[in-house]
file target-v5.cif (mmCIF, C-alpha atoms)
data_protein
loop_
_atom_site.label_atom_id
_atom_site.label_comp_id
_atom_site.auth_asym_id
_atom_site.auth_seq_id
_atom_site.Cartn_x
_atom_site.Cartn_y
_atom_site.Cartn_z
CA MET A 1 -11.92 20.60 19.76
CA LYS A 2 -8.48 19.68 18.48
CA SER A 3 -8.09 16.79 20.92
CA ASP A 4 -11.41 15.48 19.61
CA VAL A 5 -10.01 15.48 16.10
CA LEU A 6 -6.79 13.77 17.26
CA LEU A 7 -8.75 11.09 19.11
CA LYS A 8 -10.95 10.50 16.07
CA LEU A 9 -7.86 10.28 13.86
CA ALA A 10 -6.23 7.78 16.24
CA ILE A 11 -9.29 5.52 16.44
CA ASP A 12 -10.40 5.78 12.80
CA PHE A 13 -6.95 5.24 11.31
CA SER A 14 -6.05 2.36 13.63
CA LEU A 15 -9.23 0.60 12.54
CA LEU A 16 -8.68 1.56 8.93
CA SER A 17 -5.19 0.07 8.80
CA LEU A 18 -6.35 -3.04 10.69
CA VAL A 19 -8.87 -3.84 7.93
CA ALA A 20 -6.44 -3.05 5.11
CA VAL A 21 -5.87 -6.60 3.92
CA GLY A 22 -3.92 -6.02 0.71
CA GLY A 23 -2.15 -2.89 1.85
CA ALA A 24 -2.79 0.82 1.71
CA ASN A 25 -4.32 0.79 -1.76
CA ALA A 26 -7.00 -1.61 -0.59
CA ILE A 27 -8.54 0.93 1.78
CA VAL A 28 -9.04 3.76 -0.71
CA PRO A 29 -12.79 3.06 -0.95
CA GLU A 30 -13.11 2.97 2.84
CA MET A 31 -11.02 6.13 3.27
CA HIS A 32 -13.14 7.86 0.66
CA ARG A 33 -16.35 6.71 2.35
CA GLN A 34 -15.24 7.88 5.80
CA LEU A 35 -13.52 11.14 4.90
CA VAL A 36 -15.87 12.36 2.18
CA ASP A 37 -19.24 10.69 2.70
CA VAL A 38 -19.41 10.17 6.48
CA SER A 39 -17.22 12.82 8.17
CA HIS A 40 -17.45 15.44 5.39
CA TRP A 41 -13.85 16.38 6.17
CA MET A 42 -13.13 17.06 2.52
CA ASN A 43 -14.75 16.94 -0.90
CA ASP A 44 -14.10 14.54 -3.76
CA ALA A 45 -11.55 16.72 -5.55
CA GLU A 46 -9.52 17.38 -2.42
CA PHE A 47 -9.49 13.69 -1.54
CA VAL A 48 -8.09 12.86 -4.96
CA ARG A 49 -5.44 15.58 -4.68
CA LEU A 50 -4.31 14.52 -1.21
CA PHE A 51 -4.16 10.91 -2.28
CA ALA A 52 -2.12 11.79 -5.35
CA VAL A 53 0.32 13.87 -3.30
CA GLY A 54 0.67 10.97 -0.84
CA GLN A 55 1.33 8.54 -3.68
CA VAL A 56 3.78 10.72 -5.51
CA ALA A 57 5.77 11.46 -2.34
CA PRO A 58 8.43 8.90 -1.32
CA GLY A 59 7.57 6.26 1.26
CA PRO A 60 4.80 3.72 1.74
CA ASN A 61 1.43 4.75 0.29
CA ILE A 62 -0.15 4.36 3.73
CA MET A 63 1.41 7.76 4.40
CA VAL A 64 -1.54 9.32 2.64
CA LEU A 65 -3.11 8.93 6.09
CA SER A 66 -0.26 11.02 7.55
CA LEU A 67 -1.13 13.69 5.02
CA VAL A 68 -4.81 13.57 5.95
CA GLY A 69 -3.71 13.91 9.60
CA TRP A 70 -1.71 17.00 8.64
CA ARG A 71 -4.68 18.44 6.80
CA MET A 72 -6.99 17.89 9.79
CA ALA A 73 -4.75 18.89 12.72
CA GLY A 74 -1.28 20.03 11.63
CA LEU A 75 1.94 18.42 12.82
CA SER A 76 0.38 16.65 15.81
CA GLY A 77 -2.30 15.30 13.48
CA MET A 78 0.37 13.97 11.14
CA LEU A 79 2.21 12.19 13.96
CA VAL A 80 -0.95 10.75 15.52
CA ALA A 81 -2.20 9.57 12.12
CA THR A 82 1.14 7.91 11.28
CA LEU A 83 1.40 6.12 14.63
CA ALA A 84 -2.23 5.00 14.42
CA ALA A 85 -1.73 3.69 10.89
CA LEU A 86 1.43 1.75 11.77
CA GLY A 87 1.36 0.85 15.48
CA PRO A 88 -1.35 -1.82 15.70
CA THR A 89 -0.41 -3.56 12.45
CA CYS A 90 3.31 -3.57 13.24
CA LEU A 91 2.51 -5.19 16.58
CA LEU A 92 0.48 -7.83 14.77
CA SER A 93 3.35 -8.37 12.33
CA TRP A 94 5.72 -8.89 15.24
CA ILE A 95 3.46 -11.56 16.73
CA MET A 96 2.94 -13.12 13.30
CA GLY A 97 6.68 -13.14 12.61
CA ARG A 98 7.32 -15.23 15.72
CA PHE A 99 4.41 -17.45 14.89
CA VAL A 100 5.58 -18.05 11.32
CA GLN A 101 8.97 -19.18 12.48
CA ARG A 102 7.18 -22.05 14.20
CA HIS A 103 4.13 -22.85 12.04
CA GLY A 104 4.98 -21.43 8.61
CA ARG A 105 4.86 -24.86 6.95
CA ALA A 106 1.48 -25.98 8.35
CA PRO A 107 -1.26 -26.79 5.77
CA TRP A 108 -3.95 -24.63 7.41
CA PHE A 109 -1.58 -21.70 7.29
CA ASP A 110 -1.25 -22.19 3.57
CA SER A 111 -5.06 -22.22 3.26
CA ILE A 112 -5.29 -18.84 4.95
CA ARG A 113 -2.66 -17.45 2.61
CA ARG A 114 -4.42 -18.84 -0.48
CA GLY A 115 -7.87 -17.81 0.72
CA LEU A 116 -6.95 -14.20 1.37
CA ALA A 117 -5.11 -13.66 -1.91
CA PRO A 118 -8.25 -13.16 -4.09
CA VAL A 119 -9.82 -10.92 -1.42
CA ALA A 120 -6.74 -8.69 -1.57
CA VAL A 121 -6.80 -8.59 -5.37
CA GLY A 122 -10.51 -7.68 -5.40
CA LEU A 123 -9.97 -4.90 -2.85
CA ILE A 124 -7.12 -3.38 -4.83
CA LEU A 125 -9.14 -3.54 -8.05
CA ALA A 126 -12.00 -1.73 -6.31
CA SER A 127 -9.52 0.90 -5.12
CA GLY A 128 -8.32 1.43 -8.65
CA LEU A 129 -11.91 1.90 -9.81
CA VAL A 130 -12.71 4.41 -7.06
CA MET A 131 -9.53 6.35 -7.82
CA ALA A 132 -10.11 6.31 -11.56
CA ARG A 133 -13.71 7.47 -11.21
CA ALA A 134 -12.62 10.34 -8.96
CA ALA A 135 -9.64 11.34 -11.12
CA ASP A 136 -10.78 10.83 -14.70
CA HIS A 137 -12.80 13.75 -15.99
CA THR A 138 -11.03 14.60 -19.26
CA ALA A 139 -9.64 12.75 -22.25
CA LEU A 140 -6.15 13.43 -20.91
CA THR A 141 -6.75 11.87 -17.48
CA VAL A 142 -8.54 8.85 -18.98
CA THR A 143 -5.52 8.38 -21.25
CA ALA A 144 -3.19 8.74 -18.27
CA THR A 145 -4.99 5.97 -16.38
CA ALA A 146 -5.17 3.62 -19.37
CA ALA A 147 -1.60 4.21 -20.53
CA THR A 148 -0.14 3.74 -17.04
CA LEU A 149 -2.17 0.57 -16.58
CA VAL A 150 -0.85 -0.94 -19.81
CA LEU A 151 2.71 0.22 -19.14
CA ALA A 152 2.78 -1.19 -15.61
CA VAL A 153 1.24 -4.54 -16.60
CA ALA A 154 3.17 -5.14 -19.80
CA THR A 155 6.60 -3.58 -19.21
CA SER A 156 9.14 -3.26 -16.44
CA ILE A 157 9.59 0.49 -16.98
CA ASN A 158 9.57 2.37 -13.67
CA PRO A 159 5.94 3.55 -13.31
CA LEU A 160 7.26 6.70 -11.67
CA ALA A 161 8.11 7.84 -15.21
CA ALA A 162 4.43 7.64 -16.21
CA LEU A 163 3.34 9.53 -13.10
CA GLY A 164 5.86 12.29 -13.80
CA PHE A 165 5.06 12.43 -17.51
CA PHE A 166 1.32 12.79 -17.05
CA ALA A 167 1.75 15.26 -14.18
CA ALA A 168 3.90 17.46 -16.43
CA LEU A 169 1.53 17.06 -19.39
CA ALA A 170 -1.56 17.94 -17.34
CA GLY A 171 0.23 20.90 -15.77
CA LEU A 172 1.30 22.21 -19.19
CA PHE A 173 -2.19 21.79 -20.63
CA ALA A 174 -3.64 23.80 -17.74
CA VAL A 175 -1.49 26.86 -18.41
CA ALA A 176 -1.27 26.56 -22.20
CA MET B 1 18.25 -24.26 2.10
CA GLU B 2 18.85 -23.93 -1.58
CA GLN B 3 22.09 -22.42 -2.64
CA GLY B 4 22.61 -20.76 -5.99
CA GLY B 5 25.62 -22.15 -7.85
CA ASP B 6 27.50 -18.89 -7.42
CA ALA B 7 29.05 -16.98 -4.56
CA LYS B 8 25.85 -15.08 -3.75
CA ALA B 9 25.63 -16.31 -0.18
CA PRO B 10 22.96 -14.56 1.92
CA ILE B 11 24.27 -11.78 4.12
CA VAL B 12 23.04 -11.44 7.70
CA PRO B 13 22.34 -7.77 8.43
CA GLY B 14 22.58 -6.06 11.81
CA ALA B 15 20.25 -3.34 13.09
CA LEU B 16 22.26 -0.56 11.43
CA ASP B 17 22.30 -2.37 8.06
CA LEU B 18 18.56 -2.84 8.35
CA PHE B 19 18.05 0.83 9.14
CA LEU B 20 20.11 1.94 6.14
CA GLY B 21 18.61 -0.58 3.72
CA TRP B 22 15.00 0.20 4.59
CA GLY B 23 15.89 3.89 4.63
CA LYS B 24 16.85 3.53 1.00
CA VAL B 25 13.57 1.75 0.22
CA GLY B 26 11.64 4.63 1.80
CA LEU B 27 13.68 7.24 0.00
CA MET B 28 13.35 5.68 -3.46
CA GLY B 29 9.70 4.73 -3.15
CA PHE B 30 8.04 7.50 -5.10
CA GLY B 31 4.65 6.16 -6.13
CA GLY B 32 4.91 3.23 -3.69
CA VAL B 33 7.63 1.17 -2.01
CA THR B 34 6.67 -2.38 -2.99
CA PRO B 35 8.98 -2.71 -6.03
CA TRP B 36 11.89 -1.09 -4.22
CA ALA B 37 11.63 -3.34 -1.17
CA ARG B 38 12.34 -6.44 -3.26
CA ARG B 39 15.08 -4.71 -5.21
CA VAL B 40 16.99 -3.65 -2.09
CA VAL B 41 16.39 -6.73 0.08
CA VAL B 42 16.97 -9.38 -2.61
CA GLU B 43 19.13 -7.87 -5.35
CA GLU B 44 21.24 -5.24 -3.69
CA ARG B 45 21.77 -6.32 -0.09
CA ARG B 46 21.14 -10.05 -0.59
CA TRP B 47 19.55 -10.53 2.83
CA LEU B 48 17.07 -13.02 1.35
CA ASP B 49 16.78 -14.94 -1.90
CA ASP B 50 13.71 -14.59 -4.11
CA ARG B 51 11.98 -17.66 -2.74
CA GLU B 52 12.26 -16.60 0.87
CA TYR B 53 11.19 -13.11 -0.07
CA ALA B 54 8.08 -14.32 -1.89
CA GLY B 55 7.16 -16.45 1.12
CA LEU B 56 7.42 -13.53 3.51
CA PHE B 57 5.53 -11.30 1.08
CA GLY B 58 2.64 -13.74 1.15
CA ILE B 59 2.62 -13.61 4.92
CA ALA B 60 2.71 -9.81 4.94
CA GLN B 61 -0.36 -9.87 2.73
CA ILE B 62 -2.30 -12.02 5.14
CA LEU B 63 -1.73 -9.38 7.75
CA PRO B 64 -3.87 -6.28 7.74
CA GLY B 65 -2.17 -2.96 7.28
CA PRO B 66 0.46 -1.68 4.90
CA ASN B 67 2.44 -4.56 3.34
CA THR B 68 5.90 -3.07 3.32
CA PRO B 69 6.01 -1.90 6.95
CA ASN B 70 4.72 -5.37 7.87
CA MET B 71 7.55 -6.95 5.85
CA CYS B 72 9.95 -4.60 7.58
CA VAL B 73 8.92 -5.86 11.01
CA ILE B 74 9.08 -9.54 10.03
CA ILE B 75 12.45 -9.30 8.24
CA GLY B 76 13.93 -7.05 10.93
CA GLN B 77 12.80 -9.47 13.62
CA LYS B 78 14.16 -12.45 11.73
CA PHE B 79 17.67 -11.03 11.54
CA ALA B 80 18.05 -8.81 14.61
CA GLY B 81 15.08 -9.22 16.96
CA LEU B 82 13.32 -6.22 18.43
CA PRO B 83 16.15 -3.73 17.67
CA GLY B 84 16.12 -4.97 14.08
CA ALA B 85 12.37 -4.55 13.69
CA VAL B 86 12.38 -1.06 15.20
CA ALA B 87 15.42 0.03 13.15
CA SER B 88 13.72 -1.21 9.97
CA VAL B 89 10.43 0.61 10.50
CA VAL B 90 12.11 3.84 11.61
CA GLY B 91 14.43 3.62 8.60
CA LEU B 92 11.52 3.10 6.23
CA MET B 93 9.45 5.96 7.62
CA ALA B 94 11.91 8.66 8.75
CA VAL B 95 13.01 10.23 5.48
CA PRO B 96 9.60 9.99 3.79
CA LEU B 97 7.93 11.66 6.78
CA VAL B 98 10.32 14.62 6.57
CA ALA B 99 9.74 14.85 2.81
CA LEU B 100 5.99 14.64 3.34
CA LEU B 101 6.19 17.39 5.96
CA ALA B 102 8.00 19.66 3.49
CA LEU B 103 5.40 18.87 0.87
CA ALA B 104 2.56 19.50 3.30
CA LEU B 105 4.07 22.85 4.31
CA GLY B 106 4.21 23.92 0.67
CA TYR B 107 0.85 22.40 -0.17
CA ASP B 108 -1.37 25.38 0.65
CA ALA B 109 0.78 27.79 -1.35
CA LEU B 110 1.14 25.39 -4.26
CA SER B 111 -2.51 24.40 -4.42
CA ALA B 112 -3.36 28.02 -5.28
CA HIS B 113 -1.79 27.45 -8.72
CA VAL B 114 -3.81 25.99 -11.57
CA TRP B 115 -0.83 24.10 -13.00
CA PHE B 116 -0.10 22.42 -9.66
CA ASN B 117 -3.62 21.11 -9.24
CA ALA B 118 -3.78 19.98 -12.85
CA GLY B 119 -0.38 18.31 -12.52
CA VAL B 120 -1.36 16.45 -9.38
CA GLY B 121 -4.61 15.51 -11.10
CA GLY B 122 -2.62 14.02 -13.97
CA ALA B 123 -0.45 12.08 -11.55
CA ALA B 124 -3.58 10.88 -9.72
CA ALA B 125 -5.07 9.55 -12.94
CA ALA B 126 -1.81 7.73 -13.72
CA ALA B 127 -1.70 6.41 -10.13
CA ALA B 128 -5.19 4.94 -10.58
CA GLY B 129 -3.88 2.98 -13.56
CA LEU B 130 -0.90 1.85 -11.49
CA VAL B 131 -3.18 0.55 -8.73
CA ILE B 132 -5.27 -1.44 -11.21
CA ALA B 133 -2.04 -2.81 -12.72
CA THR B 134 -0.86 -3.87 -9.26
CA ALA B 135 -4.07 -5.87 -8.81
CA VAL B 136 -3.62 -7.49 -12.25
CA ARG B 137 -0.01 -8.46 -11.55
CA MET B 138 -0.86 -9.74 -8.09
CA GLY B 139 -3.76 -11.79 -9.43
CA ARG B 140 -1.51 -13.32 -12.07
CA GLY B 141 1.24 -14.03 -9.55
CA ALA B 142 -1.22 -15.69 -7.15
CA LYS B 143 -2.49 -17.94 -10.00
CA LEU B 144 -6.16 -17.58 -9.03
CA ASP B 145 -8.41 -20.49 -10.04
CA VAL B 146 -12.12 -20.19 -10.90
CA VAL B 147 -13.18 -19.98 -7.25
CA GLY B 148 -10.49 -17.37 -6.58
CA ILE B 149 -11.63 -15.27 -9.53
CA ALA B 150 -15.24 -15.52 -8.31
CA VAL B 151 -14.21 -14.33 -4.82
CA CYS B 152 -12.16 -11.55 -6.39
CA ALA B 153 -15.11 -10.46 -8.54
CA GLY B 154 -17.47 -10.59 -5.56
CA VAL B 155 -15.18 -8.36 -3.51
CA PHE B 156 -14.68 -5.99 -6.43
CA ILE B 157 -18.40 -5.63 -7.14
CA SER B 158 -19.48 -5.23 -3.52
CA VAL B 159 -16.76 -2.70 -2.62
CA GLY B 160 -16.10 -0.95 -5.93
CA LEU B 161 -19.63 -0.79 -7.35
CA LEU B 162 -22.02 -1.27 -4.41
CA ARG B 163 -19.75 0.64 -1.99
CA LEU B 164 -19.92 -1.94 0.79
CA PRO B 165 -17.57 -0.85 3.61
CA VAL B 166 -14.23 -2.69 3.35
CA PRO B 167 -14.38 -4.26 6.86
CA TRP B 168 -17.69 -5.89 5.97
CA ALA B 169 -16.32 -7.20 2.72
CA VAL B 170 -13.27 -8.71 4.47
CA LEU B 171 -15.47 -10.30 7.16
CA LEU B 172 -17.95 -11.56 4.56
CA PHE B 173 -15.59 -12.93 1.90
CA GLY B 174 -12.46 -13.73 3.94
CA PRO B 175 -13.67 -16.73 5.99
CA VAL B 176 -15.62 -18.17 3.03
CA SER B 177 -12.61 -17.89 0.76
CA ILE B 178 -10.27 -19.45 3.35
CA ALA B 179 -12.71 -22.33 3.92
CA LEU B 180 -13.00 -22.92 0.16
CA ALA B 181 -9.23 -22.84 -0.23
CA HIS B 182 -8.88 -25.35 2.58
CA ALA B 183 -11.55 -27.64 1.11
CA ARG B 184 -9.87 -27.64 -2.30
CA ARG B 185 -6.58 -28.46 -0.67
CA ALA B 186 -8.02 -31.35 1.31
CA LYS B 187 -9.22 -33.06 -1.90
#
call {"tool": "encode", "arguments": {"input": "target-v5.cif", "output": "structure tokens"}}
result
Amino acid sequence: MKSDVLLKLAIDFSLLSLVAVGGANAIVPEMHRQLVDVSHWMNDAEFVRLFAVGQVAPGPNIMVLSLVGWRMAGLSGMLVATLAALGPTCLLSWIMGRFVQRHGRAPWFDSIRRGLAPVAVGLILASGLVMARAADHTALTVTATAATLVLAVATSINPLAALGFFAALAGLFAVA
Amino acid sequence: MEQGGDAKAPIVPGALDLFLGWGKVGLMGFGGVTPWARRVVVEERRWLDDREYAGLFGIAQILPGPNTPNMCVIIGQKFAGLPGAVASVVGLMAVPLVALLALALGYDALSAHVWFNAGVGGAAAAAAGLVIATAVRMGRGAKLDVVGIAVCAGVFISVGLLRLPVPWAVLLFGPVSIALAHARRAK
């Protein structure tokens, strides 16, 4: 039973990170689809919570997959999920790094870079929408999303401050 | 190679330097590591200047997978080969994994409290805003033209609103967008 879960984690998360053009945030919709809609491993609220914990914790945001691995199969799940999320793409990066040292100035290479940029931006926007729809149920959370968006676009204030502020505010409201 | 007028010559790091530098990026990166990676690599350690960094960042974005670990591999390889790449990734991931483990161990106990769930919910809502802001900043930095904005909107609508699976969207829009970018360039 558990080895089935580990195998599924290894395969699913390798594939997930291999399609994550634009980074971890770009695969939020796909993660949501697989974990909530297809596998029924968790509900909407739990997905949002796990994702938030993964984002608030230090380290690359892809580590939300490590956290899902932990949730599904404990420590071994966490390790398998992390290796699956990083292994294949790091190998690709290694190959690409060597390649770039030779062909980095070629025109077709520049076309690939330019062509993929808007795809990445669109994916990340979609992720933001999926996250906001899952997280924003009250006036306070809507404000948190909007205020952080404005702050992070218009200022160079560390966005961690906004995350901490709204976490504290929401926590206080809940017990007040 | 362009040199700044001052004494800020690039410094060539070894595997240990890479491990420590990326370790710091991982440790500081609450809410994401992207801003910290540039800060440490360019400003603090001066391994690369801003132009080189931006170039490598573009390449890391072509690649699937998490951007910063990809950068780690490419920068580590550039300076110290395989040991450099491995030291960088392990440095980036080691401390955060331990922190995440501690958090995960406390998660079940903590999630029984109303204030904890509400607090994480507040952070999640703020994080959603941060993700949208990242897309806005990236779009501005990439200087998308009309075709680029159209591709961006197409991806956003099909994935965000119509819930098309991400792999399909990448396969559908990626080649078209690359071909269009190439055609515009050839003019």
call {"tool": "resolve_selection", "arguments": {"input": "target-v5.cif", "expression": "the PyMOL selection byres ((chain A and resi 127-142) around 8)", "output": "PyMOL selection string"}}
result
(chain A and resi 25-29+44-45+48+123-126+143-146+170) or (chain B and resi 121-122+124-126+128-132+160)
call {"tool": "closest_residue", "arguments": {"input": "target-v5.cif", "among": "B:Leu171, B:Cys152, B:Ala60, B:Leu105", "to": "chain A", "atoms": "only C-alpha atoms"}}
result
B:Cys152
call {"tool": "resolve_selection", "arguments": {"input": "target-v5.cif", "expression": "the PyMOL selection byres ((chain A and resi 61-66) around 7)", "output": "count of residues only"}}
result
16
call {"tool": "closest_residue", "arguments": {"input": "target-v5.cif", "among": "A:Val53, A:Val36, A:Ala73, A:Val121", "to": "Leu110 in chain B", "atoms": "all atoms listed in the file"}}
result
A:Val53
call {"tool": "closest_residue", "arguments": {"input": "target-v5.cif", "among": "A:Ala85, A:Val150, A:Ile95, A:Leu163", "to": "Asn67 in chain B", "atoms": "only C-alpha atoms"}}
result
A:Ala85
